[in-house]
>>> print(open('entry.txt').read())   # compact mmCIF, C-alpha atoms
# COMPACT_ATOMS: atom_id res chain seq x y z
CA MET A 67 -33.71 40.47 15.72
CA SER A 68 -31.05 37.86 16.47
CA ARG A 69 -31.05 34.63 14.51
CA ILE A 70 -30.93 31.45 16.54
CA ALA A 71 -30.17 27.92 15.44
CA ASP A 72 -31.02 25.74 18.44
CA ARG A 73 -30.17 22.03 18.53
CA CYS A 74 -30.71 21.57 22.24
CA ASP A 75 -32.41 18.24 22.94
CA PRO A 76 -32.82 17.58 26.68
CA GLY A 77 -34.09 14.06 26.04
CA CYS A 78 -31.05 13.16 23.95
CA ARG A 79 -28.67 14.66 26.53
CA ALA A 80 -30.37 12.67 29.28
CA TRP A 81 -29.95 9.43 27.27
CA ILE A 82 -26.26 10.19 26.63
CA ALA A 83 -25.70 10.95 30.33
CA GLU A 84 -27.26 7.63 31.32
CA ALA A 85 -25.26 5.79 28.63
CA ILE A 86 -21.99 7.28 29.92
CA ARG A 87 -22.97 6.30 33.47
CA LYS A 88 -23.48 2.69 32.35
CA VAL A 89 -20.11 2.55 30.56
CA GLU A 90 -18.30 4.13 33.53
CA ALA A 91 -20.06 1.77 35.93
CA ASP A 92 -18.76 -1.16 33.90
CA ALA A 93 -15.23 0.16 34.40
CA ASN A 94 -15.87 0.67 38.10
CA ARG A 95 -17.03 -2.94 38.49
CA SER A 96 -13.93 -4.33 36.81
CA ALA A 97 -10.90 -4.47 39.08
CA ASP A 98 -7.59 -3.58 37.44
CA THR A 99 -5.96 -6.39 35.48
CA HIS A 100 -3.25 -8.47 37.16
CA LEU A 101 0.49 -8.17 36.60
CA HIS A 102 1.97 -11.69 36.64
CA VAL A 103 5.63 -12.58 37.14
CA PHE A 104 6.95 -14.86 34.38
CA PRO A 105 9.39 -17.46 35.74
CA LEU A 106 12.95 -16.49 34.78
CA PRO A 107 16.07 -17.66 36.64
CA PRO A 108 16.50 -15.16 39.52
CA GLU A 109 20.27 -15.04 39.07
CA TRP A 110 19.78 -13.28 35.72
CA GLY A 111 18.80 -10.09 37.55
CA ILE A 112 16.06 -9.50 35.00
CA ASP A 113 12.34 -9.73 35.76
CA LEU A 114 9.61 -10.28 33.17
CA TYR A 115 6.01 -9.29 33.87
CA LEU A 116 2.84 -10.12 31.92
CA LYS A 117 -0.08 -7.72 32.32
CA ASP A 118 -3.11 -9.95 31.93
CA GLU A 119 -5.63 -8.12 29.77
CA SER A 120 -7.52 -11.37 29.15
CA VAL A 121 -9.41 -10.95 32.44
CA HIS A 122 -11.50 -8.02 31.18
CA PRO A 123 -15.25 -8.80 30.93
CA THR A 124 -14.89 -9.50 27.19
CA GLY A 125 -11.60 -11.33 27.56
CA SER A 126 -9.08 -9.09 25.82
CA LEU A 127 -7.05 -5.90 25.77
CA LYS A 128 -9.61 -4.47 23.33
CA HIS A 129 -12.14 -4.03 26.16
CA ARG A 130 -10.22 -0.88 27.16
CA LEU A 131 -10.28 0.42 23.58
CA ALA A 132 -13.98 -0.31 23.08
CA ARG A 133 -14.86 1.51 26.31
CA SER A 134 -12.81 4.54 25.25
CA LEU A 135 -14.33 4.57 21.75
CA PHE A 136 -17.88 4.45 23.14
CA LEU A 137 -17.16 7.26 25.60
CA TYR A 138 -15.56 9.29 22.81
CA GLY A 139 -18.54 8.77 20.51
CA LEU A 140 -21.05 9.57 23.26
CA ALA A 141 -19.24 12.71 24.40
CA ASN A 142 -18.95 13.92 20.79
CA GLY A 143 -22.66 13.38 20.21
CA TRP A 144 -22.03 10.79 17.51
CA ILE A 145 -23.79 8.00 19.40
CA ARG A 146 -27.41 8.51 20.42
CA GLU A 147 -30.37 6.39 21.32
CA GLY A 148 -31.01 3.88 18.53
CA THR A 149 -27.72 4.52 16.70
CA VAL A 150 -26.47 1.49 14.78
CA ILE A 151 -22.83 0.92 15.73
CA ILE A 152 -20.58 -0.35 12.95
CA GLU A 153 -16.94 -1.37 13.24
CA ALA A 154 -14.24 -2.73 10.96
CA SER A 155 -12.53 -5.41 13.02
CA SER A 156 -10.79 -8.75 12.78
CA GLY A 157 -12.33 -9.87 16.03
CA SER A 158 -11.50 -8.80 19.57
CA THR A 159 -12.44 -5.12 19.22
CA ALA A 160 -15.74 -6.20 17.69
CA VAL A 161 -16.35 -8.62 20.57
CA SER A 162 -15.84 -5.83 23.10
CA GLU A 163 -17.88 -3.28 21.13
CA ALA A 164 -20.73 -5.77 20.80
CA TYR A 165 -20.69 -6.06 24.60
CA PHE A 166 -20.95 -2.28 25.10
CA ALA A 167 -23.58 -1.92 22.37
CA ARG A 168 -25.72 -4.52 24.15
CA LEU A 169 -25.13 -2.68 27.45
CA LEU A 170 -26.61 0.46 25.86
CA GLY A 171 -29.34 -1.30 23.88
CA LEU A 172 -27.83 -0.42 20.49
CA PRO A 173 -27.60 -2.56 17.33
CA PHE A 174 -24.06 -3.61 16.38
CA VAL A 175 -22.55 -4.79 13.09
CA ALA A 176 -18.97 -6.03 12.75
CA VAL A 177 -17.43 -5.86 9.29
CA MET A 178 -14.81 -8.60 9.28
CA PRO A 179 -12.55 -10.62 6.98
CA ALA A 180 -14.11 -13.98 6.15
CA SER A 181 -10.98 -15.62 7.60
CA THR A 182 -11.77 -14.47 11.16
CA SER A 183 -11.79 -17.36 13.63
CA PRO A 184 -15.20 -18.99 14.26
CA GLU A 185 -14.60 -18.59 18.00
CA LYS A 186 -14.54 -14.78 17.68
CA ILE A 187 -17.57 -14.73 15.39
CA GLY A 188 -19.42 -16.79 17.98
CA LEU A 189 -18.51 -14.34 20.76
CA ILE A 190 -19.74 -11.34 18.76
CA GLU A 191 -23.03 -13.09 18.09
CA PHE A 192 -23.25 -14.10 21.76
CA TYR A 193 -23.28 -10.41 22.69
CA GLY A 194 -26.01 -9.70 20.15
CA GLY A 195 -23.85 -8.40 17.32
CA ARG A 196 -24.16 -9.27 13.65
CA CYS A 197 -21.11 -10.26 11.58
CA HIS A 198 -20.81 -8.90 8.05
CA LEU A 199 -18.03 -10.93 6.39
CA VAL A 200 -16.02 -9.76 3.37
CA ASP A 201 -13.60 -11.75 1.21
CA ASP A 202 -11.10 -8.91 0.71
CA PRO A 203 -9.71 -7.73 4.10
CA SER A 204 -8.72 -4.36 2.62
CA SER A 205 -12.38 -3.58 1.84
CA ILE A 206 -13.56 -3.56 5.48
CA TYR A 207 -13.15 0.22 5.79
CA ASP A 208 -15.14 1.18 2.70
CA GLU A 209 -17.77 -1.45 3.46
CA SER A 210 -18.15 -0.09 7.00
CA ARG A 211 -18.62 3.45 5.71
CA ARG A 212 -21.15 2.22 3.16
CA LEU A 213 -23.20 0.39 5.78
CA ALA A 214 -23.09 3.37 8.15
CA ALA A 215 -24.30 5.73 5.42
CA GLU A 216 -26.97 3.25 4.36
CA CYS A 217 -28.55 2.94 7.81
CA GLY A 218 -27.63 6.31 9.31
CA GLY A 219 -25.36 4.58 11.81
CA HIS A 220 -22.00 5.45 13.34
CA PHE A 221 -18.76 3.91 12.05
CA MET A 222 -16.56 3.68 15.16
CA ASP A 223 -13.36 3.53 13.03
CA GLN A 224 -10.97 2.19 15.68
CA PHE A 225 -8.01 2.57 13.32
CA THR A 226 -8.48 6.35 13.16
CA TYR A 227 -9.68 7.16 16.67
CA ALA A 228 -7.84 4.70 18.94
CA GLU A 229 -4.97 7.03 19.87
CA ARG A 230 -7.16 10.09 20.46
CA ALA A 231 -10.03 8.39 22.29
CA THR A 232 -7.75 7.19 25.12
CA ASP A 233 -6.63 9.63 27.81
CA TRP A 234 -2.87 9.07 27.58
CA ARG A 235 -2.08 11.30 30.59
CA GLY A 236 -3.59 8.82 33.03
CA ASN A 237 -7.11 8.16 34.36
CA ASN A 238 -6.19 4.50 35.00
CA ASN A 239 -5.27 3.83 31.40
CA ILE A 240 -3.06 0.83 30.70
CA ALA A 241 0.16 2.85 30.97
CA GLU A 242 -0.64 4.38 34.34
CA SER A 243 -1.77 0.97 35.57
CA ILE A 244 1.52 -0.70 34.55
CA PHE A 245 3.74 1.87 36.24
CA GLU A 246 1.63 1.95 39.41
CA GLN A 247 1.68 -1.85 39.69
CA MET A 248 5.46 -1.86 39.19
CA ARG A 249 6.02 0.68 41.96
CA LEU A 250 7.05 -1.84 44.66
CA GLU A 251 9.04 -4.23 42.42
CA ARG A 252 12.84 -4.47 42.66
CA PHE A 253 13.19 -2.70 39.28
CA PRO A 254 10.12 -0.42 39.38
CA GLU A 255 10.87 1.52 36.20
CA PRO A 256 10.87 -1.02 33.35
CA SER A 257 13.78 -1.05 30.95
CA TRP A 258 11.32 -2.01 28.19
CA VAL A 259 7.59 -2.27 27.65
CA VAL A 260 6.76 -4.57 24.72
CA VAL A 261 3.45 -4.34 22.83
CA GLY A 262 2.08 -5.12 19.39
CA ALA A 263 0.50 -2.67 16.99
CA GLY A 264 -3.01 -3.26 15.70
CA THR A 265 -4.64 0.14 15.73
CA GLY A 266 -1.53 1.72 17.25
CA GLY A 267 -3.56 3.02 20.18
CA THR A 268 -1.85 1.01 22.93
CA SER A 269 1.68 1.88 21.80
CA ALA A 270 0.70 5.56 21.44
CA THR A 271 -0.77 5.62 24.96
CA ILE A 272 2.24 3.94 26.60
CA GLY A 273 4.82 5.92 24.64
CA ARG A 274 3.19 9.26 25.40
CA TYR A 275 2.64 8.44 29.06
CA ALA A 276 6.28 7.41 29.61
CA ARG A 277 7.47 10.71 28.15
CA TYR A 278 4.86 12.75 30.00
CA ARG A 279 5.87 11.20 33.34
CA ARG A 280 9.60 11.50 32.47
CA PHE A 281 10.30 7.76 32.68
CA GLN A 282 13.32 6.46 30.78
CA THR A 283 11.45 3.26 29.89
CA ARG A 284 11.83 2.35 26.23
CA LEU A 285 8.93 1.16 24.09
CA ALA A 286 9.40 -1.81 21.77
CA VAL A 287 6.64 -2.57 19.28
CA VAL A 288 6.55 -6.09 17.83
CA ASP A 289 5.02 -6.58 14.40
CA PRO A 290 4.16 -9.86 12.68
CA GLU A 291 5.33 -10.69 9.18
CA GLY A 292 2.97 -9.45 6.49
CA SER A 293 2.24 -6.22 8.36
CA ALA A 294 2.95 -2.76 6.97
CA PHE A 295 3.97 -1.15 10.27
CA PHE A 296 7.54 -2.46 10.53
CA GLY A 297 8.51 -1.51 6.98
CA SER A 298 6.99 1.93 7.40
CA PHE A 299 8.89 2.47 10.66
CA ALA A 300 12.16 1.26 9.14
CA ASP A 301 12.07 3.43 6.01
CA GLY A 302 9.82 6.28 7.16
CA ASP A 303 7.18 5.66 4.48
CA PRO A 304 3.69 6.27 5.92
CA GLU A 305 2.11 5.01 2.69
CA ARG A 306 3.67 1.55 3.00
CA THR A 307 1.30 -1.36 2.34
CA ALA A 308 1.66 -5.10 2.81
CA ALA A 309 -0.21 -8.35 2.42
CA GLY A 310 -1.61 -8.37 5.97
CA SER A 311 -1.03 -10.52 9.02
CA ARG A 312 -2.01 -14.04 10.03
CA ILE A 313 -1.74 -13.05 13.70
CA GLU A 314 -5.17 -11.73 14.58
CA GLY A 315 -5.42 -8.45 16.46
CA ILE A 316 -2.05 -7.03 15.39
CA GLY A 317 -0.41 -6.18 12.10
CA ARG A 318 -2.20 -4.36 9.30
CA PRO A 319 -2.01 -4.25 5.49
CA ARG A 320 -1.66 -0.45 5.69
CA VAL A 321 -0.27 2.06 8.20
CA GLU A 322 -3.26 3.09 10.29
CA PRO A 323 -3.90 6.75 11.26
CA SER A 324 -3.62 5.87 14.98
CA PHE A 325 -0.09 4.50 14.60
CA LEU A 326 2.37 7.00 16.14
CA PRO A 327 5.94 6.00 15.21
CA THR A 328 7.56 8.97 16.95
CA VAL A 329 6.93 7.52 20.44
CA ILE A 330 8.40 4.10 19.58
CA ASP A 331 12.04 3.33 20.43
CA ARG A 332 12.38 0.03 18.57
CA MET A 333 10.35 -2.22 16.31
CA ILE A 334 10.91 -5.97 16.01
CA GLN A 335 9.51 -7.96 13.10
CA VAL A 336 8.46 -11.43 14.29
CA PRO A 337 7.91 -14.43 11.98
CA ASP A 338 4.43 -15.96 12.29
CA ALA A 339 5.91 -19.33 13.22
CA ALA A 340 7.79 -17.63 16.08
CA SER A 341 4.57 -15.97 17.30
CA VAL A 342 2.71 -19.30 17.41
CA ALA A 343 5.68 -21.08 19.00
CA ALA A 344 5.94 -18.39 21.68
CA MET A 345 2.18 -18.54 22.28
CA ARG A 346 2.35 -22.29 22.99
CA TRP A 347 5.61 -21.98 24.94
CA THR A 348 4.21 -19.21 27.15
CA SER A 349 1.12 -21.26 27.92
CA ARG A 350 3.26 -24.28 28.77
CA VAL A 351 5.77 -22.43 30.98
CA SER A 352 3.41 -20.02 32.73
CA GLY A 353 0.29 -22.20 32.93
CA ARG A 354 -1.76 -19.37 31.41
CA ASP A 355 -3.58 -20.00 28.13
CA VAL A 356 -2.64 -17.14 25.79
CA GLY A 357 -3.38 -16.11 22.22
CA GLY A 358 -1.27 -15.47 19.13
CA SER A 359 -0.55 -11.77 19.63
CA THR A 360 0.71 -12.56 23.14
CA GLY A 361 3.12 -14.97 21.49
CA THR A 362 4.39 -12.13 19.29
CA ASN A 363 4.91 -10.01 22.42
CA MET A 364 6.75 -12.80 24.20
CA TRP A 365 9.12 -13.48 21.31
CA GLY A 366 10.08 -9.80 21.28
CA ALA A 367 10.48 -9.75 25.07
CA ALA A 368 12.74 -12.83 24.98
CA GLU A 369 14.96 -11.20 22.32
CA LEU A 370 15.30 -8.03 24.40
CA ILE A 371 16.07 -9.95 27.59
CA ALA A 372 18.72 -12.01 25.81
CA GLN A 373 20.33 -8.77 24.63
CA MET A 374 20.20 -7.33 28.15
CA ARG A 375 21.87 -10.49 29.46
CA ALA A 376 24.61 -10.27 26.83
CA ARG A 377 25.35 -6.69 27.95
CA GLY A 378 25.28 -7.60 31.64
CA GLU A 379 22.27 -5.38 32.32
CA ARG A 380 19.76 -5.81 35.13
CA GLY A 381 16.19 -4.55 35.05
CA SER A 382 12.60 -5.39 34.24
CA VAL A 383 10.55 -5.94 31.08
CA VAL A 384 6.77 -5.72 30.85
CA THR A 385 4.52 -7.08 28.12
CA LEU A 386 0.86 -7.97 27.72
CA ILE A 387 -1.35 -11.04 27.68
CA CYS A 388 -3.70 -9.67 25.03
CA ASP A 389 -6.31 -12.44 25.13
CA GLY A 390 -6.76 -16.14 25.81
CA GLY A 391 -5.79 -19.05 23.61
CA GLU A 392 -9.30 -20.52 23.62
CA ARG A 393 -10.23 -18.08 20.84
CA TYR A 394 -7.70 -19.74 18.51
CA ALA A 395 -8.25 -23.44 19.14
CA GLY A 396 -9.02 -24.03 15.45
CA THR A 397 -6.05 -21.99 14.17
CA TYR A 398 -2.88 -21.41 16.22
CA GLY A 399 -3.81 -24.25 18.57
CA SER A 400 -4.28 -26.71 15.69
CA ASP A 401 -1.36 -28.66 14.22
CA ALA A 402 -3.46 -29.31 11.10
CA TRP A 403 -3.95 -25.56 10.59
CA LEU A 404 -0.21 -24.94 11.00
CA ALA A 405 0.57 -27.61 8.41
CA ALA A 406 -1.93 -26.12 5.97
CA GLN A 407 -0.28 -22.71 6.45
CA GLY A 408 3.20 -24.14 5.98
CA LEU A 409 4.32 -23.02 9.42
CA ASP A 410 7.05 -25.01 11.18
CA ILE A 411 7.17 -23.85 14.79
CA GLY A 412 9.62 -26.52 16.01
CA PRO A 413 12.87 -24.52 15.61
CA TYR A 414 11.32 -21.52 17.38
CA GLU A 415 10.06 -23.63 20.29
CA ALA A 416 13.57 -25.08 20.64
CA ALA A 417 15.04 -21.56 20.60
CA LEU A 418 12.71 -20.47 23.41
CA ASP A 419 13.57 -23.53 25.50
CA ALA A 420 17.26 -22.72 24.97
CA PHE A 421 16.62 -19.11 25.98
CA LEU A 422 15.03 -20.17 29.27
CA ALA A 423 17.94 -22.53 29.97
CA THR A 424 20.81 -20.23 28.98
CA GLY A 425 19.48 -16.69 28.57
CA GLU A 426 20.64 -16.67 24.95
CA MET A 427 18.68 -16.55 21.71
CA PRO A 428 20.04 -18.02 18.45
CA VAL A 429 21.27 -15.39 16.00
CA ALA A 430 19.09 -16.97 13.31
CA VAL A 431 16.32 -19.52 13.63
>>> encode(input="entry.txt", output="structure tokens")
Amino acid sequence: MSRIADRCDPGCRAWIAEAIRKVEADANRSADTHLHVFPLPPEWGIDLYLKDESVHPTGSLKHRLARSLFLYGLANGWIREGTVIIEASSGSTAVSEAYFARLLGLPFVAVMPASTSPEKIGLIEFYGGRCHLVDDPSSIYDESRRLAAECGGHFMDQFTYAERATDWRGNNNIAESIFEQMRLERFPEPSWVVVGAGTGGTSATIGRYARYRRFQTRLAVVDPEGSAFFGSFADGDPERTAAGSRIEGIGRPRVEPSFLPTVIDRMIQVPDAASVAAMRWTSRVSGRDVGGSTGTNMWGAAELIAQMRARGERGSVVTLICDGGERYAGTYGSDAWLAAQGLDIGPYEAALDAFLATGEMPVAV
């Protein structure tokens, strides 16, 4: 007689199929995000584009990641009816995952540093999630695993699964979207795409896609001070650690498993004061309210464009609006908070104004 171990559960499969339909329907309802032109002098022969990820239903780039992580967990059989979803997140990923958990009728717990902005905590709770705050940011991983084991839930673990949950070959991922939207521009193949690294998933997706489609576009990853990614990239040490970043959503105290340095052409370390200055400057010049990680992107983009100008190059540069500035009114938008942090953004704002006037960036700020 044959031995059989049967785990077939038609009811569970039916629930997973309906859950995947709901997640896919959410994507189908959301039109692709806009690609805005940032105002640069036309005589430069260089065009800068901002892909506006803040228009997703949950207001940030992380909506794409959360959707991919839920589909990955559902397809793997890790997420079932009644599963408690747990994530280690400093904010935006948790906001988006809370949204999808509510869509599927699942409990959600975000394990977050106690320093996370009140605006993000409020958004997570708005979508029905619960915030579990910890004093030591480095403990969010172990605490998430503990909670998942305690309640029989699923730890989404964005920092491990971000790069593998996203289909980097296409399927309307962010990379395919960028290159398709650039198709009719005067420089359709960007010289540079500039992104930050939080999980590493976005940079991995764009870097892989550019190689897969044989584009010569180079990938620049900007990293805020206090993050481990830049030092690891510079010296090749995957075990590098650091204090952590004040720019929410990017920068990490350790090199995350989803970070793929081999698809990155250049990394740029950006001072926190420069990130905040560029955030405010971008909002002022473009009329679009942007967050801190967008400021980091824009500082890196300005440096690259200044270098292109110095070499007499023409072309295009693309970066991301990661989320809106309203989430940071009490931090990066507050002069009192900047003073308490000892951040002087004045010299960096002046440097950006000079860049827009002359196309040059100071050698040192």
>>> residues_around(input="entry.txt", residues="stretch 80-88 of chain A", least_positions_apart="6", cutoff="9 Å", atoms="all atoms listed in the file", output="ChimeraX atom specification")
/A:136-137,140-141,143,145-147,169-170
>>> atom_distance(input="entry.txt", atom1="atom CA of A:Gly361", atom2="atom CA of A:Ala343")
7.1 Å
>>> residues_around(input="entry.txt", residues="A:Gln335", least_positions_apart="4", cutoff="10 Å", atoms="all atoms listed in the file", output="number ranges by chain")
A: 287-293, 295-297, 362, 365-366
>>> residues_around(input="entry.txt", residues="stretch 372-376 of chain A", least_positions_apart="2", cutoff="9 Å", atoms="all atoms listed in the file", output="MDAnalysis selection string")
chainID A and resid 110:112 367:370 378:381 421 425:427
>>> atom_distance(input="entry.txt", atom1="atom CA of A:Arg312", atom2="atom CA of A:Thr397")
9.8 Å
>>> atom_distance(input="entry.txt", atom1="atom CA of A:Glu185", atom2="atom CA of A:Ser349")
18.8 Å
>>> decode(input="entry.txt", residues="stretch 188-212 of chain A", atoms="N, CA, C and O atoms", output="CSV table (one decimal), in the first residue's frame")
chain,number,residue,atom,x,y,z
A,188,GLY,N,-0.3,57.3,13.2
A,188,GLY,CA,-1.7,57.6,13.0
A,188,GLY,C,-2.3,56.9,11.8
A,188,GLY,O,-3.4,56.4,11.8
A,189,LEU,N,-1.5,56.9,10.7
A,189,LEU,CA,-2.0,56.3,9.4
A,189,LEU,C,-2.1,54.8,9.6
A,189,LEU,O,-3.1,54.2,9.1
A,190,ILE,N,-1.2,54.1,10.3
A,190,ILE,CA,-1.3,52.7,10.5
A,190,ILE,C,-2.5,52.4,11.3
A,190,ILE,O,-3.3,51.4,11.0
A,191,GLU,N,-2.8,53.1,12.3
A,191,GLU,CA,-4.0,52.9,13.2
A,191,GLU,C,-5.2,53.2,12.4
A,191,GLU,O,-6.3,52.6,12.6
A,192,PHE,N,-5.2,54.2,11.5
A,192,PHE,CA,-6.3,54.5,10.6
A,192,PHE,C,-6.8,53.3,9.8
A,192,PHE,O,-8.0,53.0,9.6
A,193,TYR,N,-5.8,52.5,9.3
A,193,TYR,CA,-6.1,51.3,8.5
A,193,TYR,C,-6.3,50.1,9.4
A,193,TYR,O,-6.4,49.0,8.8
A,194,GLY,N,-6.4,50.3,10.7
A,194,GLY,CA,-6.8,49.2,11.5
A,194,GLY,C,-5.6,48.4,12.1
A,194,GLY,O,-5.8,47.4,12.8
A,195,GLY,N,-4.4,48.9,11.9
A,195,GLY,CA,-3.2,48.2,12.4
A,195,GLY,C,-2.9,48.6,13.8
A,195,GLY,O,-3.4,49.6,14.3
A,196,ARG,N,-2.1,47.8,14.5
A,196,ARG,CA,-1.7,48.1,15.9
A,196,ARG,C,-0.2,48.3,15.8
A,196,ARG,O,0.6,47.6,15.2
A,197,CYS,N,0.3,49.4,16.5
A,197,CYS,CA,1.7,49.7,16.6
A,197,CYS,C,2.4,49.2,17.8
A,197,CYS,O,1.9,49.5,18.9
A,198,HIS,N,3.4,48.4,17.7
A,198,HIS,CA,4.2,47.9,18.8
A,198,HIS,C,5.5,48.6,18.8
A,198,HIS,O,6.4,48.3,18.0
A,199,LEU,N,5.7,49.5,19.7
A,199,LEU,CA,6.9,50.4,19.7
A,199,LEU,C,8.0,49.8,20.6
A,199,LEU,O,7.7,49.3,21.7
A,200,VAL,N,9.2,49.9,20.1
A,200,VAL,CA,10.4,49.5,20.8
A,200,VAL,C,11.4,50.6,20.9
A,200,VAL,O,11.5,51.4,20.0
A,201,ASP,N,12.1,50.7,22.0
A,201,ASP,CA,13.1,51.7,22.2
A,201,ASP,C,14.4,51.5,21.4
A,201,ASP,O,15.0,52.5,20.9
A,202,ASP,N,14.8,50.3,21.2
A,202,ASP,CA,16.0,50.0,20.5
A,202,ASP,C,15.7,49.6,19.0
A,202,ASP,O,15.1,48.5,18.8
A,203,PRO,N,16.0,50.5,18.1
A,203,PRO,CA,15.6,50.1,16.7
A,203,PRO,C,16.1,48.8,16.2
A,203,PRO,O,15.5,48.1,15.3
A,204,SER,N,17.3,48.4,16.7
A,204,SER,CA,17.9,47.2,16.2
A,204,SER,C,17.1,45.9,16.7
A,204,SER,O,17.4,44.8,16.2
A,205,SER,N,16.2,46.1,17.6
A,205,SER,CA,15.5,44.9,18.2
A,205,SER,C,14.2,44.6,17.4
A,205,SER,O,13.5,43.6,17.8
A,206,ILE,N,13.9,45.4,16.4
A,206,ILE,CA,12.6,45.2,15.7
A,206,ILE,C,12.5,43.9,15.0
A,206,ILE,O,11.4,43.3,14.9
A,207,TYR,N,13.6,43.3,14.6
A,207,TYR,CA,13.6,42.0,13.9
A,207,TYR,C,13.2,40.9,14.9
A,207,TYR,O,12.3,40.1,14.6
A,208,ASP,N,14.0,40.8,15.9
A,208,ASP,CA,13.8,39.8,16.9
A,208,ASP,C,12.4,39.9,17.6
A,208,ASP,O,11.8,38.9,17.8
A,209,GLU,N,12.0,41.1,17.8
A,209,GLU,CA,10.7,41.3,18.4
A,209,GLU,C,9.6,40.9,17.5
A,209,GLU,O,8.6,40.3,17.9
A,210,SER,N,9.8,41.1,16.2
A,210,SER,CA,8.8,40.7,15.2
A,210,SER,C,8.7,39.2,15.2
A,210,SER,O,7.6,38.6,15.1
A,211,ARG,N,9.8,38.5,15.2
A,211,ARG,CA,9.8,37.0,15.2
A,211,ARG,C,9.2,36.5,16.4
A,211,ARG,O,8.4,35.5,16.4
A,212,ARG,N,9.5,37.1,17.6
A,212,ARG,CA,8.9,36.7,18.8
A,212,ARG,C,7.4,36.8,18.8
A,212,ARG,O,6.7,35.8,19.2
